[in-house]
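Undergrad: Just one file: work-v2.pdb, with PDB, C-alpha atoms and all ligand atoms.
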```pdb
ATOM      1  CA  MET A  19      -2.550 -15.243 -13.276
ATOM      2  CA  PRO A  20      -0.186 -17.836 -11.734
ATOM      3  CA  PRO A  21      -2.061 -20.868 -10.279
ATOM      4  CA  LEU A  22      -2.795 -20.677  -6.554
ATOM      5  CA  ARG A  23      -0.554 -22.823  -4.396
ATOM      6  CA  ARG A  24      -3.060 -24.042  -1.849
ATOM      7  CA  SER A  25      -2.252 -24.778   1.746
ATOM      8  CA  ARG A  26      -4.554 -25.818   4.591
ATOM      9  CA  LEU A  27      -2.938 -23.531   7.147
ATOM     10  CA  LEU A  28      -6.107 -21.471   7.605
ATOM     11  CA  ALA A  29      -8.644 -24.182   6.666
ATOM     12  CA  LYS A  30     -12.103 -23.523   8.142
ATOM     13  CA  ARG A  31     -11.102 -20.026   9.244
ATOM     14  CA  ARG A  32     -13.359 -17.176   8.158
ATOM     15  CA  VAL A  33     -12.066 -13.897   6.828
ATOM     16  CA  ALA A  34     -14.273 -10.924   5.947
ATOM     17  CA  LEU A  35     -13.266  -8.238   3.463
ATOM     18  CA  LEU A  36     -15.071  -5.016   4.317
ATOM     19  CA  PHE A  37     -14.578  -2.398   1.614
ATOM     20  CA  TYR A  38     -16.051   1.118   1.814
ATOM     21  CA  GLU A  39     -13.918   2.341  -1.105
ATOM     22  CA  SER A  40     -13.221   0.783  -4.461
ATOM     23  CA  SER A  41     -10.184  -1.397  -4.945
ATOM     24  CA  THR A  42      -8.767  -3.746  -7.557
ATOM     25  CA  ARG A  43      -5.293  -4.883  -6.507
ATOM     26  CA  THR A  44      -5.601  -4.787  -2.722
ATOM     27  CA  ARG A  45      -8.963  -6.530  -2.543
ATOM     28  CA  THR A  46      -8.138  -9.220  -5.084
ATOM     29  CA  SER A  47      -4.773 -10.023  -3.622
ATOM     30  CA  PHE A  48      -6.098 -10.172  -0.040
ATOM     31  CA  GLU A  49      -8.835 -12.510  -1.239
ATOM     32  CA  LEU A  50      -6.437 -14.731  -3.196
ATOM     33  CA  ALA A  51      -4.033 -14.736  -0.246
ATOM     34  CA  ALA A  52      -6.765 -15.916   2.147
ATOM     35  CA  LYS A  53      -8.038 -18.550  -0.292
ATOM     36  CA  SER A  54      -4.592 -19.889  -1.029
ATOM     37  CA  LEU A  55      -4.210 -20.539   2.713
ATOM     38  CA  GLY A  56      -7.512 -22.451   2.734
ATOM     39  CA  ALA A  57      -9.624 -19.792   4.509
ATOM     40  CA  ASP A  58     -13.250 -19.022   3.614
ATOM     41  CA  THR A  59     -13.752 -15.427   2.535
ATOM     42  CA  VAL A  60     -16.725 -13.137   2.301
ATOM     43  CA  LEU A  61     -16.778  -9.713   0.679
ATOM     44  CA  VAL A  62     -18.945  -6.866   1.956
ATOM     45  CA  SER A  63     -18.762  -3.684  -0.048
ATOM     46  CA  ALA A  64     -20.461  -0.387   0.737
ATOM     47  CA  LEU A  65     -22.611  -0.304  -2.365
ATOM     48  CA  SER A  66     -24.305  -3.663  -1.990
ATOM     49  CA  SER A  67     -24.878  -3.951   1.758
ATOM     50  CA  SER A  68     -26.692  -2.336   4.677
ATOM     51  CA  ILE A  69     -23.876   0.207   4.826
ATOM     52  CA  GLU A  70     -25.777   1.976   2.065
ATOM     53  CA  LYS A  71     -28.797   2.098   4.400
ATOM     54  CA  GLY A  72     -26.767   3.885   7.073
ATOM     55  CA  GLU A  73     -25.468   1.056   9.266
ATOM     56  CA  SER A  74     -22.471   2.102  11.383
ATOM     57  CA  LEU A  75     -18.997   0.599  11.023
ATOM     58  CA  LYS A  76     -19.283  -0.772  14.544
ATOM     59  CA  ASP A  77     -22.616  -2.537  13.874
ATOM     60  CA  THR A  78     -21.384  -3.950  10.581
ATOM     61  CA  GLY A  79     -18.260  -5.278  12.326
ATOM     62  CA  ILE A  80     -20.204  -6.880  15.157
ATOM     63  CA  THR A  81     -22.572  -8.467  12.636
ATOM     64  CA  LEU A  82     -19.644  -9.961  10.695
ATOM     65  CA  ARG A  83     -18.174 -11.281  13.950
ATOM     66  CA  SER A  84     -21.518 -12.924  14.843
ATOM     67  CA  LEU A  85     -21.470 -14.591  11.430
ATOM     68  CA  GLY A  86     -18.145 -16.182  12.314
ATOM     69  CA  ALA A  87     -15.578 -13.759  10.883
ATOM     70  CA  GLU A  88     -12.319 -14.150  12.807
ATOM     71  CA  CYS A  89     -10.440 -11.394  11.039
ATOM     72  CA  ILE A  90     -11.592  -8.360   9.061
ATOM     73  CA  ILE A  91      -9.729  -6.693   6.220
ATOM     74  CA  LEU A  92     -10.940  -3.084   6.133
ATOM     75  CA  ARG A  93     -10.682  -0.294   3.569
ATOM     76  CA  HIS A  94     -12.364   2.919   4.697
ATOM     77  CA  PRO A  95     -12.365   6.602   3.678
ATOM     78  CA  ASN A  96     -11.842   7.767   7.283
ATOM     79  CA  SER A  97      -8.379   7.816   8.785
ATOM     80  CA  GLY A  98      -8.323   5.722  11.951
ATOM     81  CA  ALA A  99     -11.326   3.519  11.079
ATOM     82  CA  PRO A 100      -9.350   0.252  11.589
ATOM     83  CA  TYR A 101      -8.604   1.219  15.220
ATOM     84  CA  LEU A 102     -12.285   1.863  15.881
ATOM     85  CA  LEU A 103     -13.263  -1.476  14.360
ATOM     86  CA  ALA A 104     -10.588  -3.339  16.332
ATOM     87  CA  ARG A 105     -11.854  -1.767  19.547
ATOM     88  CA  SER A 106     -15.487  -2.512  18.878
ATOM     89  CA  THR A 107     -15.078  -6.110  17.644
ATOM     90  CA  GLY A 108     -11.954  -7.329  19.470
ATOM     91  CA  LEU A 109     -10.950  -9.012  16.187
ATOM     92  CA  PRO A 110      -7.667  -8.672  14.326
ATOM     93  CA  ILE A 111      -8.173  -5.967  11.687
ATOM     94  CA  LEU A 112      -5.904  -5.685   8.666
ATOM     95  CA  ASN A 113      -5.762  -2.154   7.307
ATOM     96  CA  ALA A 114      -6.314  -2.144   3.530
ATOM     97  CA  GLY A 115      -6.105   1.676   3.409
ATOM     98  CA  ASP A 116      -7.753   4.222   5.728
ATOM     99  CA  GLY A 117      -8.427   7.659   4.276
ATOM    100  CA  THR A 118      -5.258   9.677   3.758
ATOM    101  CA  HIS A 119      -3.648   7.995   6.747
ATOM    102  CA  GLU A 120      -1.943   4.661   5.986
ATOM    103  CA  HIS A 121      -1.759   1.738   3.607
ATOM    104  CA  PRO A 122       0.654  -0.522   5.455
ATOM    105  CA  THR A 123       0.396  -3.634   3.281
ATOM    106  CA  GLN A 124       1.227  -1.525   0.214
ATOM    107  CA  ALA A 125       4.396  -0.270   1.939
ATOM    108  CA  LEU A 126       5.389  -3.829   2.834
ATOM    109  CA  LEU A 127       4.893  -5.077  -0.715
ATOM    110  CA  ASP A 128       6.829  -2.063  -1.997
ATOM    111  CA  LEU A 129       9.655  -2.942   0.370
ATOM    112  CA  ARG A 130       9.640  -6.564  -0.818
ATOM    113  CA  THR A 131       9.772  -5.396  -4.442
ATOM    114  CA  ILE A 132      12.688  -3.038  -3.749
ATOM    115  CA  LEU A 133      14.628  -5.704  -1.878
ATOM    116  CA  PHE A 134      14.188  -8.283  -4.628
ATOM    117  CA  ARG A 135      14.914  -5.922  -7.519
ATOM    118  CA  LEU A 136      17.873  -4.113  -5.985
ATOM    119  CA  SER A 137      19.528  -7.263  -4.698
ATOM    120  CA  ALA A 138      19.128  -8.867  -8.135
ATOM    121  CA  ARG A 139      21.038  -5.849  -9.485
ATOM    122  CA  ASN A 140      23.614  -6.164  -6.706
ATOM    123  CA  ARG A 141      22.734  -2.725  -5.472
ATOM    124  CA  LEU A 142      22.160  -4.405  -2.116
ATOM    125  CA  SER A 143      24.575  -7.037  -0.919
ATOM    126  CA  ASP A 144      22.398  -9.289   1.172
ATOM    127  CA  ALA A 145      18.855  -8.019   1.021
ATOM    128  CA  ILE A 146      17.001 -11.294   1.182
ATOM    129  CA  ALA A 147      18.802 -12.220   4.394
ATOM    130  CA  PRO A 148      16.879 -11.358   7.587
ATOM    131  CA  LEU A 149      15.964  -7.690   7.544
ATOM    132  CA  ASN A 150      18.092  -5.358   9.591
ATOM    133  CA  SER A 151      18.003  -1.650  10.137
ATOM    134  CA  GLY A 152      20.766  -1.007   7.584
ATOM    135  CA  VAL A 153      19.533  -3.118   4.696
ATOM    136  CA  LEU A 154      18.537  -0.042   2.647
ATOM    137  CA  ARG A 155      21.426   2.174   3.759
ATOM    138  CA  GLY A 156      22.390   4.531   0.932
ATOM    139  CA  VAL A 157      19.278   3.764  -1.123
ATOM    140  CA  ARG A 158      17.407   6.875  -2.285
ATOM    141  CA  ILE A 159      13.716   6.589  -2.994
ATOM    142  CA  ALA A 160      11.849   9.475  -4.636
ATOM    143  CA  ILE A 161       8.064   9.530  -4.100
ATOM    144  CA  VAL A 162       6.459  11.893  -6.612
ATOM    145  CA  GLY A 163       3.027  13.473  -6.975
ATOM    146  CA  ASP A 164       0.026  13.858  -4.694
ATOM    147  CA  ILE A 165       1.817  13.254  -1.402
ATOM    148  CA  LEU A 166      -0.761  15.227   0.570
ATOM    149  CA  HIS A 167      -3.557  12.729  -0.043
ATOM    150  CA  SER A 168      -1.458   9.587  -0.348
ATOM    151  CA  ARG A 169      -1.641   6.926   2.350
ATOM    152  CA  VAL A 170       0.929   5.003   0.296
ATOM    153  CA  ALA A 171       3.458   7.850   0.593
ATOM    154  CA  ARG A 172       2.879   8.091   4.326
ATOM    155  CA  SER A 173       3.278   4.361   5.013
ATOM    156  CA  ASN A 174       6.416   4.168   2.883
ATOM    157  CA  ALA A 175       7.917   7.243   4.537
ATOM    158  CA  LEU A 176       7.374   5.635   7.914
ATOM    159  CA  LEU A 177       8.767   2.241   6.904
ATOM    160  CA  LEU A 178      11.676   2.712   4.486
ATOM    161  CA  PRO A 179      13.868   5.112   6.553
ATOM    162  CA  ARG A 180      13.711   2.594   9.425
ATOM    163  CA  LEU A 181      15.779   0.315   7.196
ATOM    164  CA  GLY A 182      18.258   3.034   6.266
ATOM    165  CA  ALA A 183      16.690   4.452   3.063
ATOM    166  CA  GLN A 184      16.433   8.149   2.282
ATOM    167  CA  VAL A 185      12.971   9.181   1.092
ATOM    168  CA  ILE A 186      12.603  12.268  -1.093
ATOM    169  CA  PHE A 187       9.081  13.613  -1.449
ATOM    170  CA  CYS A 188       8.577  15.540  -4.690
ATOM    171  CA  GLY A 189       5.578  17.542  -5.885
ATOM    172  CA  PRO A 190       4.033  21.019  -6.143
ATOM    173  CA  LYS A 191       3.130  23.056  -3.053
ATOM    174  CA  GLU A 192      -0.614  22.294  -3.365
ATOM    175  CA  LEU A 193       0.046  18.550  -3.137
ATOM    176  CA  LEU A 194       3.098  18.591  -0.901
ATOM    177  CA  PRO A 195       3.259  21.026   2.027
ATOM    178  CA  ASP A 196       6.689  22.283   3.117
ATOM    179  CA  ASN A 197       6.360  20.584   6.485
ATOM    180  CA  ALA A 198       5.876  17.094   4.950
ATOM    181  CA  ALA A 199       9.473  16.200   5.794
ATOM    182  CA  GLY A 200       8.422  16.419   9.447
ATOM    183  CA  ILE A 201       6.778  13.013   9.102
ATOM    184  CA  GLY A 202      10.041  11.522  10.397
ATOM    185  CA  PRO A 203      13.792  11.125  10.018
ATOM    186  CA  GLY A 204      15.202  10.284   6.599
ATOM    187  CA  VAL A 205      12.554  12.255   4.677
ATOM    188  CA  SER A 206      13.228  15.435   2.677
ATOM    189  CA  VAL A 207      11.259  17.599   0.229
ATOM    190  CA  GLU A 208      12.327  18.443  -3.331
ATOM    191  CA  ARG A 209      10.159  20.510  -5.669
ATOM    192  CA  THR A 210      11.857  19.701  -8.977
ATOM    193  CA  LEU A 211      11.400  16.247 -10.482
ATOM    194  CA  GLU A 212      14.733  16.401 -12.296
ATOM    195  CA  HIS A 213      16.556  17.010  -8.996
ATOM    196  CA  ALA A 214      14.635  14.257  -7.237
ATOM    197  CA  LEU A 215      15.489  11.811 -10.013
ATOM    198  CA  ALA A 216      19.196  12.622  -9.983
ATOM    199  CA  ASN A 217      20.836   9.884  -7.874
ATOM    200  CA  ALA A 218      17.529   8.165  -7.064
ATOM    201  CA  ASP A 219      17.636   4.378  -7.076
ATOM    202  CA  VAL A 220      13.866   4.079  -7.023
ATOM    203  CA  VAL A 221      11.060   6.412  -8.081
ATOM    204  CA  MET A 222       7.471   5.841  -6.971
ATOM    205  CA  MET A 223       4.962   7.770  -9.045
ATOM    206  CA  LEU A 224       1.584   8.599  -7.477
ATOM    207  CA  ARG A 225      -1.826   9.316  -8.930
ATOM    208  CA  ILE A 226      -3.575  12.627  -8.211
ATOM    209  CA  GLN A 227      -6.361  11.519  -5.847
ATOM    210  CA  ARG A 228      -9.260  13.343  -7.493
ATOM    211  CA  GLU A 229     -11.732  11.890  -4.971
ATOM    212  CA  ARG A 230      -9.916  13.656  -2.101
ATOM    213  CA  LEU A 231      -9.124  17.038  -3.684
ATOM    214  CA  ALA A 232     -12.142  18.690  -1.971
ATOM    215  CA  GLY A 233     -12.394  21.639  -4.348
ATOM    216  CA  LEU A 234      -8.648  22.123  -4.837
ATOM    217  CA  GLN A 235      -8.083  23.349  -8.409
ATOM    218  CA  LEU A 236      -5.024  22.064 -10.220
ATOM    219  CA  ASP A 237      -3.653  23.039 -13.584
ATOM    220  CA  LEU A 238      -3.198  19.545 -14.998
ATOM    221  CA  GLU A 239      -1.294  20.714 -18.048
ATOM    222  CA  ASP A 240       1.247  22.476 -15.879
ATOM    223  CA  TYR A 241       1.392  19.477 -13.527
ATOM    224  CA  THR A 242       2.040  17.090 -16.403
ATOM    225  CA  ALA A 243       4.722  19.363 -17.825
ATOM    226  CA  ARG A 244       6.547  19.507 -14.488
ATOM    227  CA  TYR A 245       5.970  16.116 -12.904
ATOM    228  CA  GLN A 246       5.202  13.493 -15.524
ATOM    229  CA  LEU A 247       7.667  10.613 -15.748
ATOM    230  CA  ASN A 248       8.257  10.210 -19.472
ATOM    231  CA  PRO A 249      10.978   8.538 -21.575
ATOM    232  CA  GLU A 250      12.932  11.784 -22.115
ATOM    233  CA  ARG A 251      13.161  12.578 -18.406
ATOM    234  CA  LEU A 252      14.027   9.009 -17.567
ATOM    235  CA  ALA A 253      16.777   8.773 -20.189
ATOM    236  CA  ARG A 254      18.282  12.115 -19.266
ATOM    237  CA  HIS A 255      18.115  12.070 -15.459
ATOM    238  CA  ALA A 256      17.745   8.493 -14.215
ATOM    239  CA  PRO A 257      18.318   5.853 -16.891
ATOM    240  CA  ASP A 258      18.763   3.043 -14.327
ATOM    241  CA  VAL A 259      16.110   4.012 -11.803
ATOM    242  CA  LEU A 260      13.559   1.407 -10.710
ATOM    243  CA  VAL A 261      10.078   2.716 -11.541
ATOM    244  CA  MET A 262       7.200   1.882  -9.199
ATOM    245  CA  HIS A 263       3.539   2.874  -8.927
ATOM    246  CA  PRO A 264       0.934   1.570  -6.449
ATOM    247  CA  GLY A 265      -1.825   1.796  -9.073
ATOM    248  CA  PRO A 266      -4.246   2.723 -10.385
ATOM    249  CA  MET A 267      -2.086   4.542 -12.952
ATOM    250  CA  ILE A 268      -3.457   7.412 -14.973
ATOM    251  CA  ARG A 269      -1.456   6.881 -18.133
ATOM    252  CA  GLY A 270      -0.556  10.111 -19.874
ATOM    253  CA  LEU A 271      -0.808  12.106 -16.648
ATOM    254  CA  GLU A 272       1.757  11.168 -13.952
ATOM    255  CA  ILE A 273       3.395   8.475 -16.101
ATOM    256  CA  THR A 274       3.491   7.584 -19.787
ATOM    257  CA  SER A 275       2.806   4.107 -21.132
ATOM    258  CA  GLU A 276       6.367   3.812 -22.479
ATOM    259  CA  VAL A 277       7.721   4.162 -18.945
ATOM    260  CA  ALA A 278       4.999   2.128 -17.213
ATOM    261  CA  ASP A 279       5.539  -0.806 -19.566
ATOM    262  CA  GLY A 280       9.255  -0.257 -20.143
ATOM    263  CA  PRO A 281      12.334  -2.090 -18.849
ATOM    264  CA  ASN A 282      12.728   0.066 -15.704
ATOM    265  CA  SER A 283       9.244  -0.734 -14.501
ATOM    266  CA  ALA A 284       8.643  -2.967 -11.453
ATOM    267  CA  ILE A 285       4.925  -2.175 -11.369
ATOM    268  CA  MET A 286       3.702  -5.696 -12.083
ATOM    269  CA  ASP A 287       6.242  -7.112  -9.607
ATOM    270  CA  GLN A 288       4.615  -4.930  -6.961
ATOM    271  CA  VAL A 289       1.242  -6.505  -7.686
ATOM    272  CA  GLN A 290       2.695 -10.003  -7.446
ATOM    273  CA  HIS A 291       4.553  -9.359  -4.187
ATOM    274  CA  GLY A 292       1.252  -8.217  -2.679
ATOM    275  CA  THR A 293      -0.131 -11.726  -2.415
ATOM    276  CA  ALA A 294       2.873 -13.084  -0.493
ATOM    277  CA  ILE A 295       2.827 -10.161   1.943
ATOM    278  CA  ARG A 296      -0.892 -10.555   2.576
ATOM    279  CA  MET A 297      -0.587 -14.315   3.068
ATOM    280  CA  ALA A 298       2.039 -13.701   5.731
ATOM    281  CA  LEU A 299      -0.093 -11.098   7.508
ATOM    282  CA  LEU A 300      -3.241 -13.215   7.442
ATOM    283  CA  SER A 301      -1.495 -16.240   8.886
ATOM    284  CA  ARG A 302       0.071 -14.092  11.576
ATOM    285  CA  ALA A 303      -3.255 -12.476  12.498
ATOM    286  CA  LEU A 304      -5.245 -15.705  12.547
ATOM    287  CA  GLN A 305      -2.665 -17.936  14.144
ATOM    288  CA  SER A 306      -1.993 -15.560  17.005
ATOM    289  CA  ARG A 307      -5.743 -15.277  17.498
ATOM    290  CA  LEU A 308      -5.957 -19.085  17.751
ATOM    291  CA  ALA A 309      -3.112 -19.126  20.274
ATOM    292  CA  ASN A 310      -4.768 -16.416  22.383
ATOM    293  CA  THR A 311      -8.166 -18.149  22.310
ATOM    294  CA  SER A 312      -6.719 -21.473  23.443
ATOM    295  CA  LYS A 313      -4.742 -19.745  26.235
ATOM    296  CA  GLU A 314      -8.004 -18.134  27.407
ATOM    297  CA  LYS A 315      -9.779 -21.517  27.343
ATOM    298  CA  GLN A 316      -6.980 -23.096  29.390
ATOM    299  CA  LYS A 317      -7.219 -20.294  31.959
ATOM    300  CA  ARG A 318     -10.969 -20.798  32.266
ATOM    301  CA  SER A 319     -10.777 -24.610  32.742
TER     302      SER A 319
HETATM  303  N1  LIG A 401      -4.265   2.141  -4.534
HETATM  304  C1  LIG A 401      -3.643   3.109  -3.679
HETATM  305  C2  LIG A 401      -4.533   3.425  -2.496
HETATM  306  O1  LIG A 401      -5.558   2.803  -2.321
HETATM  307  C3  LIG A 401      -3.204   4.325  -4.387
HETATM  308  C4  LIG A 401      -4.274   5.110  -5.105
HETATM  309  O2  LIG A 401      -5.469   4.870  -4.956
HETATM  310  O3  LIG A 401      -3.871   6.031  -5.823
HETATM  311  O4  LIG A 401      -4.192   4.282  -1.721
END
```
Let me see the structure of the file written as structure tokens.
Ligand code: ASP
TA:
Amino acid sequence: MPPLRRSRLLAKRRVALLFYESSTRTRTSFELAAKSLGADTVLVSALSSSIEKGESLKDTGITLRSLGAECIILRHPNSGAPYLLARSTGLPILNAGDGTHEHPTQALLDLRTILFRLSARNRLSDAIAPLNSGVLRGVRIAIVGDILHSRVARSNALLLPRLGAQVIFCGPKELLPDNAAGIGPGVSVERTLEHALANADVVMMLRIQRERLAGLQLDLEDYTARYQLNPERLARHAPDVLVMHPGPMIRGLEITSEVADGPNSAIMDQVQHGTAIRMALLSRALQSRLANTSKEKQKRS
């Protein structure tokens, strides 16, 4: 792990991480981001707290606020939970993934990875300059696998077309309904992986979210045969494509180790970009909170 560059920007500020679902990358990088800005962090996870005894999200949030938390990072299995927590605590809430709804910080770190990698390859002329709505014009991004249950797919499909990219969702009917393209402009559906790969600049592979299948039966052998990203498919249909995956990867299912660890892979870059994105969001959330609190104090005096 690279050494933390420490700043005092958020010294003495308290950040709570409230996790109702398991996480490796998102939790660790939020925590490292907060610590590298000098903030104090506390982790509350469902299995070791009063959540297990039945405490509501609202009560847990209010308790954390009373203990001095000024910002809460929340991961929750229910879509919309961050909005509820924001309303009941009045604190800035950073969404670390809510159900099948959104995972906005993942989409931002994916964007950062794409901009860095494609501009290094000169596929984009001026990507690191201030973002504008055309920065990804002409870039085709295939998102493959369990789109139905993926908050990562949803957040990326909302973000990337706003910068000019074309998003192609790819997967079988059970995991990708026909109407998925209706999520917004710049999104289309393609059932065949080979077609999705042809002309794609980037391919994001997704895990099948077993925990959300709710009884849906899938023929994994058939799925692997049709949708796995393996060296043969890569070489034949998209030898230069940038390969991404939000993790956790199920090696041998949606992606093989040769591809995950191969020269096309930007998967570890994604992890590294996560810390920078989360540092930026934490400073924004906490600094604007400070500004609002001092404005309120001035008004009162
Ligand atoms: N880590 C991502 C998420 O939390 C993707 C996944 O779990 O498959 O949504």
Undergrad: Report as a list in words the residues that result from applying the PyMOL selection byres (((chain A and resi 183) around 10) and not hetatm) to the structure here.
TA: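 Applying the expression gives Ser151, Gly152, Val153, Leu154, Arg155, Gly156, Val157, Arg158, Ile159, Ala175, Leu177, Leu178, Pro179, Arg180, Leu181, Gly182, Gln184, Val185, Ile186, Gly204 and Val205 of chain A.
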Undergrad: Using all atoms listed in the file, determine which residues lie at most 10 Å from Leu28 in chain A, disregarding the query and same-chain residues fewer than 6 positions distant; provide the list as a list of chain:residue names.
TA: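 Surrounding residues, per the criterion: A:Ala52, A:Lys53, A:Ser54, A:Leu55, A:Gly56, A:Ala57, A:Asp58, A:Leu300, A:Ser301, A:Leu304, A:Gln305.
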Undergrad: List the residues selected by the PyMOL selection byres (((chain A and resi 263-272) around 10) and not hetatm) in the file shown, writing them as an MDAnalysis selection string.
TA: chainID A and resid 41:44 124:125 127:128 161:164 170:171 221:226 238:239 241:248 261:262 273:278 283:286 288:289
Undergrad: Using all atoms listed in the file, find the one residue out of A:His167, A:Leu194, A:Leu299, A:Ala99 that sits nearest to Ala232 in chain A.
TA: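 Of the candidates, the smallest distance to Ala232 in chain A is held by A:His167.
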Undergrad: Between atom C3 of ligand LIG 401 (chain A) and CA of Asn113 in chain A, measure the distance and give it in Å to one decimal.
TA: 13.6 Å
Undergrad: Identify the residues within 12 Å of coordinate (23.9, -1.4, -10.3) (same frame as the file), considering only C-alpha atoms, and give the answer as a list in words.
TA: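 Protein and nucleic acid residues near the point are Arg135, Leu136, Ser137, Ala138, Arg139, Asn140, Arg141, Leu142, Ser143, Val157, Asn217, Ala218, Asp219, Val220, Pro257, Asp258, Val259 and Leu260 of chain A.
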Undergrad: Nearest residue to ligand LIG 401 (chain A) out of A:Cys188, A:Leu252, A:Ile165, A:Leu176, using all atoms listed in the file?
TA: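 The answer is A:Ile165, which sits nearest to ligand LIG 401 (chain A).
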Undergrad: Expressed in Å to a single decimal, how great is the separation between CA of Ala104 in chain A and CA of Ser40 in chain A?
TA: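 Between these atoms lies a distance of 21.4 Å.
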Undergrad: Could you pull the residues within 10 Å of Gly108 in chain A, counting only C-alpha atoms, minus those fewer than 4 positions along the same chain, as a VMD selection string?
TA: chain A and resid 79 to 80 83 88 to 89 102 to 104
Undergrad: Tell me, in Å to one decimal, how far CA of Ala303 in chain A is from CA of Arg105 in chain A.
TA: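 That distance, rounded to one decimal, is 15.4 Å.
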Undergrad: Would you kindly return, as a PyMOL selection string, each protein, DNA or RNA residue with an atom no farther than 10 Å from any atom of Leu166 in chain A, considering only C-alpha atoms and excluding same-chain residues fewer than 2 positions away?
TA: chain A and resi 118-119+163-164+168-169+171-172+189+191-195+198+226-227+230-231
Undergrad: Mind listing as a PyMOL selection string all residues within 10 Å of (-17.7, -17.9, 13.7), counting only C-alpha atoms?
TA: chain A and resi 30-33+82-88
Undergrad: Save the residues we just selected, C-alpha atoms, as a compact mmCIF listing (two decimals), in the frame of the given file?
TA:
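Okay, this is what ended up in out_30.txt:
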```txt
# COMPACT_ATOMS: atom_id res chain seq x y z
CA LYS A 30 -12.10 -23.52 8.14
CA ARG A 31 -11.10 -20.03 9.24
CA ARG A 32 -13.36 -17.18 8.16
CA VAL A 33 -12.07 -13.90 6.83
CA LEU A 82 -19.64 -9.96 10.70
CA ARG A 83 -18.17 -11.28 13.95
CA SER A 84 -21.52 -12.92 14.84
CA LEU A 85 -21.47 -14.59 11.43
CA GLY A 86 -18.14 -16.18 12.31
CA ALA A 87 -15.58 -13.76 10.88
CA GLU A 88 -12.32 -14.15 12.81
```
Undergrad: Which of these residues is nearest to ligand LIG 401 (chain A), using all atoms listed in the file: A:Ser106, A:Asn150, A:Ser66, A:Asn174?
TA: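 Counting all atoms listed in the file, the residue closest to ligand LIG 401 (chain A) is A:Asn174.
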Undergrad: Take every atom of ligand LIG 401 (chain A) listed in the file, pad by 5 Å on each side, and give me the axis-aligned box centre and edge lengths in Å, one decimal, as lines of an AutoDock Vina configuration file.
TA:
```
center_x = -4.4
center_y = 4.1
center_z = -3.8
size_x = 12.4
size_y = 13.9
size_z = 14.1
```
Undergrad: Name the residues in contact with Leu126 in chain A at a cut-off of 10 Å, using all atoms listed in the file, excluding same-chain residues fewer than 4 positions from it; report them as a PyMOL selection string.
TA: chain A and resi 121-122+130-132+173-174+177-178+288+291-292+295-296
Undergrad: For ligand LIG 401 (chain A), which residue among A:Met297, A:Leu92, A:Leu109, A:Ala160 is the nearest when counting only C-alpha atoms and all ligand atoms?
TA: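 Answer, going by the shortest atom-to-atom distance: A:Leu92.
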Undergrad: Give me the residues near Pro95 in chain A as a PyMOL selection string, where near means some atom within 7 Å (using only C-alpha atoms) and where sequence neighbours in that chain fewer than 6 positions away do not count.
TA: chain A and resi 38-39+116-117
Undergrad: So, with only C-alpha atoms and all ligand atoms as the atoms that count, which of A:Lys76, A:Lys71, A:Arg26, A:Arg228 lies closest to ligand LIG 401 (chain A)?
TA: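 Ranked by minimum distance to ligand LIG 401 (chain A), first place goes to A:Arg228.
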